[in-house]
>>> print(open('data-v7.csv').read())   # CSV, C-alpha atoms and all ligand atoms
chain,number,residue,atom,x,y,z
A,110,MET,CA,191.2,63.9,-9.3
A,111,SER,CA,193.3,66.6,-11.0
A,112,GLU,CA,194.2,69.7,-9.0
A,113,ASP,CA,192.3,71.7,-11.5
A,114,LYS,CA,189.1,69.8,-11.2
A,115,LYS,CA,189.1,70.4,-7.4
A,116,LEU,CA,188.6,74.1,-8.3
A,117,ALA,CA,185.7,73.6,-10.7
A,118,ALA,CA,182.8,73.9,-8.5
A,119,ILE,CA,179.6,71.9,-8.9
A,120,CYS,CA,177.6,75.2,-9.2
A,121,GLY,CA,179.8,76.6,-11.9
A,122,LEU,CA,182.0,78.9,-9.9
A,123,ASP,CA,185.8,79.0,-10.4
A,124,CYS,CA,187.2,78.5,-6.8
A,125,GLU,CA,190.4,80.2,-7.8
A,126,ALA,CA,188.6,83.5,-8.0
A,127,CYS,CA,187.0,83.2,-4.6
A,128,SER,CA,188.3,85.5,-1.9
A,129,VAL,CA,188.4,82.7,0.6
A,130,TYR,CA,190.5,80.5,-1.7
A,131,ILE,CA,192.9,83.4,-2.4
A,132,GLY,CA,193.1,84.0,1.3
A,133,THR,CA,193.8,80.4,2.0
A,134,THR,CA,196.5,79.9,-0.6
A,135,GLU,CA,198.2,83.3,-0.8
A,136,GLU,CA,197.0,86.0,1.6
A,137,PRO,CA,196.7,85.0,5.3
A,138,ASP,CA,195.6,88.5,6.3
A,139,ARG,CA,192.7,88.4,3.9
A,140,LEU,CA,191.6,85.0,5.3
A,141,LYS,CA,191.8,86.4,8.8
A,142,ARG,CA,189.7,89.4,7.9
A,143,ILE,CA,187.0,87.2,6.2
A,144,ALA,CA,187.0,84.8,9.2
A,145,GLU,CA,186.4,87.7,11.5
A,146,ASN,CA,183.6,89.0,9.3
A,147,PHE,CA,181.9,85.6,9.5
A,148,ASP,CA,182.7,85.1,13.1
A,149,GLN,CA,184.6,81.9,12.4
A,150,SER,CA,188.0,80.6,13.2
A,151,VAL,CA,190.7,80.9,10.5
A,152,GLU,CA,190.9,77.1,10.5
A,153,ASP,CA,187.2,76.8,9.7
A,154,MET,CA,187.4,79.4,7.0
A,155,LYS,CA,190.2,77.7,5.0
A,156,CYS,CA,189.3,76.3,1.7
A,157,SER,CA,191.2,74.4,-1.0
A,158,GLY,CA,188.3,74.2,-3.5
A,159,CYS,CA,184.8,72.7,-4.0
A,160,ARG,CA,186.0,69.1,-4.6
A,161,SER,CA,189.2,69.2,-2.5
A,162,GLY,CA,187.9,67.6,0.7
A,163,ASN,CA,189.0,70.8,2.6
A,164,ARG,CA,186.2,73.3,2.2
A,165,SER,CA,185.4,76.4,4.2
A,166,PHE,CA,182.6,76.3,6.8
A,167,PHE,CA,180.4,78.2,4.2
A,168,CYS,CA,180.9,75.6,1.5
A,169,ARG,CA,180.5,72.7,3.9
A,170,THR,CA,176.8,73.7,4.2
A,171,CYS,CA,176.3,73.7,0.5
A,172,ASP,CA,173.4,71.4,-0.6
A,173,PHE,CA,174.6,71.1,-4.2
A,174,LYS,CA,177.4,68.7,-3.2
A,175,ASP,CA,175.2,66.0,-1.6
A,176,CYS,CA,172.5,66.5,-4.2
A,177,SER,CA,174.9,66.0,-7.2
A,178,GLU,CA,176.4,62.9,-5.5
A,179,GLU,CA,172.9,61.4,-5.0
A,180,LYS,CA,172.1,62.1,-8.7
A,181,GLY,CA,175.4,60.9,-9.9
A,182,ILE,CA,176.3,64.2,-11.8
A,183,GLU,CA,179.3,66.4,-11.6
A,184,PHE,CA,177.8,69.8,-12.4
A,185,CYS,CA,174.3,71.3,-11.8
A,186,GLY,CA,173.9,71.8,-15.5
A,187,GLU,CA,173.7,68.1,-16.1
A,188,CYS,CA,170.6,67.7,-13.9
A,189,ASP,CA,167.1,67.0,-15.2
A,190,ASP,CA,165.8,69.6,-12.8
A,191,PHE,CA,168.3,72.3,-13.8
A,192,PRO,CA,167.8,75.1,-12.9
A,193,CYS,CA,166.1,74.1,-9.7
A,194,GLU,CA,164.8,76.7,-7.3
A,195,ASP,CA,167.8,76.3,-5.0
A,196,PHE,CA,170.1,77.0,-7.9
A,197,ARG,CA,168.0,80.1,-9.0
A,198,THR,CA,168.0,81.4,-5.5
A,199,PHE,CA,171.7,80.8,-5.1
A,200,GLN,CA,172.5,82.5,-8.4
A,201,LYS,CA,170.6,85.7,-7.6
A,202,ALA,CA,172.0,86.1,-4.1
A,203,ARG,CA,175.5,87.5,-4.9
A,204,PRO,CA,177.0,89.2,-7.9
A,205,HIS,CA,180.0,86.8,-8.2
A,206,ARG,CA,177.3,84.3,-9.4
A,207,ILE,CA,175.9,86.4,-12.3
A,208,GLU,CA,177.4,84.2,-15.0
A,209,ILE,CA,176.8,80.7,-13.6
A,210,TYR,CA,174.0,79.9,-16.1
A,211,GLU,CA,176.4,80.7,-18.9
A,212,ASP,CA,179.1,78.7,-17.1
A,213,MET,CA,176.9,75.6,-17.1
A,214,LYS,CA,176.3,76.0,-20.8
A,215,THR,CA,180.0,76.4,-21.5
A,216,ILE,CA,180.8,73.3,-19.3
A,217,SER,CA,178.4,71.1,-21.1
A,218,GLU,CA,179.4,72.4,-24.6
A,219,LYS,CA,183.2,72.6,-24.2
A,220,GLY,CA,184.0,70.5,-21.1
A,221,TRP,CA,185.0,71.8,-17.6
A,222,ASP,CA,188.7,72.0,-18.4
A,223,GLU,CA,188.2,74.3,-21.3
A,224,TRP,CA,185.7,76.3,-19.3
A,225,LEU,CA,188.2,76.7,-16.4
A,226,LYS,CA,190.8,78.0,-18.8
A,227,GLU,CA,188.4,80.7,-20.0
A,228,LYS,CA,187.4,81.6,-16.4
A,229,ARG,CA,191.0,81.9,-15.4
A,230,LYS,CA,191.5,84.4,-18.2
A,231,GLU,CA,188.4,86.3,-17.3
A,232,TYR,CA,189.5,86.7,-13.7
A,233,SER,CA,193.1,87.5,-14.4
A,234,CYS,CA,194.5,91.1,-14.2
A,235,PRO,CA,195.0,92.4,-17.7
A,236,GLU,CA,198.3,94.0,-16.6
A,237,CYS,CA,200.0,91.4,-14.4
A,238,GLY,CA,198.0,88.2,-14.8
A,239,THR,CA,197.1,87.8,-11.1
A,240,ILE,CA,193.8,86.1,-10.5
A,241,ASN,CA,191.5,88.5,-8.6
A,242,SER,CA,188.1,87.8,-7.1
A,243,ALA,CA,184.8,89.4,-8.2
A,244,TYR,CA,185.1,91.8,-5.3
A,245,ASP,CA,188.6,93.1,-6.0
A,246,ILE,CA,187.9,96.3,-7.7
A,247,THR,CA,191.6,97.0,-8.3
A,248,CYS,CA,194.2,94.3,-8.8
A,249,ARG,CA,195.5,92.9,-5.4
A,250,LYS,CA,199.0,92.8,-6.8
A,251,CYS,CA,199.6,95.7,-9.1
A,252,GLY,CA,196.6,97.9,-8.3
A,253,ASN,CA,195.3,98.0,-11.9
A,254,GLU,CA,191.7,98.9,-12.5
A,255,PRO,CA,189.8,96.9,-13.6
A,256,SER,CA,191.3,94.0,-11.7
A,257,ASN,CA,189.8,91.7,-14.3
A,258,LEU,CA,187.3,91.4,-17.1
A,259,TYR,CA,184.6,90.0,-14.8
A,260,VAL,CA,184.7,93.0,-12.5
A,261,GLN,CA,184.7,95.3,-15.5
A,262,LYS,CA,181.6,93.7,-16.9
A,263,HIS,CA,179.6,93.6,-13.6
A,264,LYS,CA,181.1,96.6,-11.7
A,265,ILE,CA,177.8,98.3,-11.0
A,266,ARG,CA,176.2,95.3,-9.2
A,267,ILE,CA,179.4,94.5,-7.4
A,268,ILE,CA,179.9,98.0,-6.0
A,269,GLU,CA,176.3,98.0,-4.8
A,270,VAL,CA,177.0,94.9,-2.7
A,271,LEU,CA,180.3,96.3,-1.4
A,272,LYS,CA,178.6,99.4,-0.3
A,273,ASP,CA,176.0,97.4,1.8
A,274,LYS,CA,178.7,95.7,3.8
A,301,ZN,ZN,197.6,93.2,-11.7
>>> encode(input="data-v7.csv", output="C-alpha cells")
Amino acid sequence: MSEDKKLAAICGLDCEACSVYIGTTEEPDRLKRIAENFDQSVEDMKCSGCRSGNRSFFCRTCDFKDCSEEKGIEFCGECDDFPCEDFRTFQKARPHRIEIYEDMKTISEKGWDEWLKEKRKEYSCPECGTINSAYDITCRKCGNEPSNLYVQKHKIRIIEVLKDK
C-alpha cells in the first residue's frame, strides 16, 4: 500500500491533520500531552495512520475497520448501508468530522488520491504550508490565524469544543 493511502482513513478523515499523527511524526511534546489527557502511555498513543498497522489506542477500537474488511470495501461511502447509525453518531460527535459526508462523496467521485490532495490543501497553513489539525486555531509553525481553511470554515464549532475541555 502507498504511504499516502495509509493516511486516507476508512471514515473519510485525513490522518495527516490529526493531532495524534502530528504528535507522532513531528511533535513529541504534543503526543505526550495528548497521552496524558487520555491517561495512556505515549507508546499506546502513537499512530502512523488508519491503514498503517500502527494505530493509536483510540483508533484500535474503531469498528469501521473490521466492518469494512468484512464487507470488502475501502471507504464507508461504498457501503450499501451508508450512512449507518454508527457513522452518523461518529460524524456528529466531534467538529473535525463535520465534512466527512462530503469527503465520502468526493472519494467516490474523484478517487481517494485526488481527495487527499484536496484535504492536504484544506488543512495547510495559507502562509507557510504546514499541515495543522482542526483544533489548531493558529498555525503550529508560524502562528498565522487561521491555521488552515478548515478551521476558518468551522471555527465557531471548534472553539465550543476547545472551551469544554
Ligand atoms: Zn504557518
>>> residues_near_ligand(input="data-v7.csv", ligand="ligand ZN 301 (chain A)", cutoff="7 Å", atoms="all atoms listed in the file", output="ChimeraX atom specification")
/A:234-239,248-253,256
>>> closest_residue(input="data-v7.csv", among="A:Glu178, A:Glu145, A:Glu125, A:Glu136", to="A:Glu112", atoms="only C-alpha atoms")
A:Glu125
>>> residues_around(input="data-v7.csv", residues="A:Phe167", least_positions_apart="2", cutoff="12 Å", atoms="only C-alpha atoms", output="count of residues only")
20
>>> residues_around(input="data-v7.csv", residues="A:Glu231", least_positions_apart="4", cutoff="8 Å", atoms="all atoms listed in the file", output="ChimeraX atom specification")
/A:227,257-259
>>> atom_distance(input="data-v7.csv", atom1="atom CA of A:Asp138", atom2="atom CA of A:Leu225")
26.6 Å
>>> atom_distance(input="data-v7.csv", atom1="atom CA of A:Glu152", atom2="atom CA of A:Leu116")
19.2 Å
>>> closest_residue(input="data-v7.csv", among="A:Ile246, A:Leu122, A:Ala117, A:Val151", to="A:Tyr210", atoms="all atoms listed in the file")
A:Leu122
>>> residues_around(input="data-v7.csv", residues="A:Ile265", least_positions_apart="6", cutoff="12 Å", atoms="all atoms listed in the file", output="number ranges by chain")
A: 204, 243-244, 246, 259, 271-272
>>> closest_residue(input="data-v7.csv", among="A:Met110, A:Cys185, A:Ala126, A:Cys120", to="A:Ile240", atoms="all atoms listed in the file")
A:Ala126
>>> atom_distance(input="data-v7.csv", atom1="atom CA of A:Ile119", atom2="atom CA of A:Phe184")
4.5 Å
>>> closest_residue(input="data-v7.csv", among="A:Lys226, A:Gly121, A:Phe173, A:Asp113", to="A:Lys214", atoms="all atoms listed in the file")
A:Gly121
>>> closest_residue(input="data-v7.csv", among="A:Cys176, A:Asp212, A:Glu254, A:Val260", to="A:Asp195", atoms="only C-alpha atoms")
A:Cys176
>>> closest_residue(input="data-v7.csv", among="A:Asp245, A:Asp273, A:Asp189, A:Glu183", to="A:Gly220", atoms="all atoms listed in the file")
A:Glu183
>>> build_atoms(input="data-v7.csv", residues="stretch 157-177 of chain A", atoms="N, CA, C and O atoms", output="compact mmCIF listing (two decimals), in the coordinates of the input")
# COMPACT_ATOMS: atom_id res chain seq x y z
N SER A 157 190.28 74.78 0.09
CA SER A 157 191.20 74.40 -1.00
C SER A 157 190.38 74.08 -2.28
O SER A 157 190.91 73.49 -3.21
N GLY A 158 189.08 74.43 -2.29
CA GLY A 158 188.30 74.20 -3.50
C GLY A 158 187.12 73.26 -3.26
O GLY A 158 187.14 72.42 -2.36
N CYS A 159 186.12 73.39 -4.09
CA CYS A 159 184.80 72.70 -4.00
C CYS A 159 185.01 71.16 -3.81
O CYS A 159 184.37 70.52 -3.00
N ARG A 160 185.90 70.58 -4.63
CA ARG A 160 186.00 69.10 -4.60
C ARG A 160 187.29 68.65 -3.90
O ARG A 160 187.75 67.53 -4.11
N SER A 161 187.85 69.50 -3.07
CA SER A 161 189.20 69.20 -2.50
C SER A 161 189.10 68.38 -1.20
O SER A 161 190.10 67.84 -0.77
N GLY A 162 187.93 68.30 -0.56
CA GLY A 162 187.90 67.60 0.70
C GLY A 162 188.31 68.55 1.86
O GLY A 162 188.36 68.16 3.02
N ASN A 163 188.64 69.79 1.54
CA ASN A 163 189.00 70.80 2.60
C ASN A 163 188.28 72.09 2.22
O ASN A 163 188.83 72.98 1.60
N ARG A 164 186.99 72.14 2.61
CA ARG A 164 186.20 73.30 2.20
C ARG A 164 185.92 74.20 3.44
O ARG A 164 185.94 73.76 4.58
N SER A 165 185.64 75.46 3.15
CA SER A 165 185.40 76.40 4.20
C SER A 165 184.04 76.05 4.89
O SER A 165 183.23 75.32 4.31
N PHE A 166 183.81 76.60 6.07
CA PHE A 166 182.60 76.30 6.80
C PHE A 166 181.37 76.64 5.89
O PHE A 166 180.34 75.97 5.90
N PHE A 167 181.52 77.69 5.10
CA PHE A 167 180.40 78.20 4.20
C PHE A 167 180.08 77.10 3.20
O PHE A 167 178.92 76.74 3.01
N CYS A 168 181.10 76.57 2.54
CA CYS A 168 180.90 75.60 1.50
C CYS A 168 180.55 74.19 2.04
O CYS A 168 179.99 73.36 1.35
N ARG A 169 180.87 73.97 3.30
CA ARG A 169 180.50 72.70 3.90
C ARG A 169 178.99 72.57 4.10
O ARG A 169 178.46 71.47 4.23
N THR A 170 178.29 73.71 4.10
CA THR A 170 176.80 73.70 4.20
C THR A 170 176.12 73.63 2.89
O THR A 170 174.89 73.65 2.83
N CYS A 171 176.90 73.60 1.82
CA CYS A 171 176.30 73.70 0.50
C CYS A 171 175.53 72.37 0.16
O CYS A 171 176.05 71.27 0.31
N ASP A 172 174.28 72.52 -0.29
CA ASP A 172 173.40 71.40 -0.60
C ASP A 172 173.77 70.75 -1.97
O ASP A 172 173.42 69.60 -2.24
N PHE A 173 174.39 71.53 -2.82
CA PHE A 173 174.60 71.10 -4.20
C PHE A 173 175.54 69.83 -4.20
O PHE A 173 175.42 68.97 -5.07
N LYS A 174 176.45 69.77 -3.24
CA LYS A 174 177.40 68.70 -3.20
C LYS A 174 176.69 67.32 -3.00
O LYS A 174 176.79 66.41 -3.81
N ASP A 175 175.94 67.24 -1.90
CA ASP A 175 175.20 66.00 -1.60
C ASP A 175 174.22 65.68 -2.73
O ASP A 175 174.07 64.54 -3.15
N CYS A 176 173.55 66.72 -3.18
CA CYS A 176 172.50 66.50 -4.20
C CYS A 176 173.15 65.97 -5.50
O CYS A 176 172.63 65.01 -6.07
N SER A 177 174.28 66.53 -5.91
CA SER A 177 174.90 66.00 -7.20
C SER A 177 175.42 64.61 -6.98
O SER A 177 175.37 63.81 -7.92
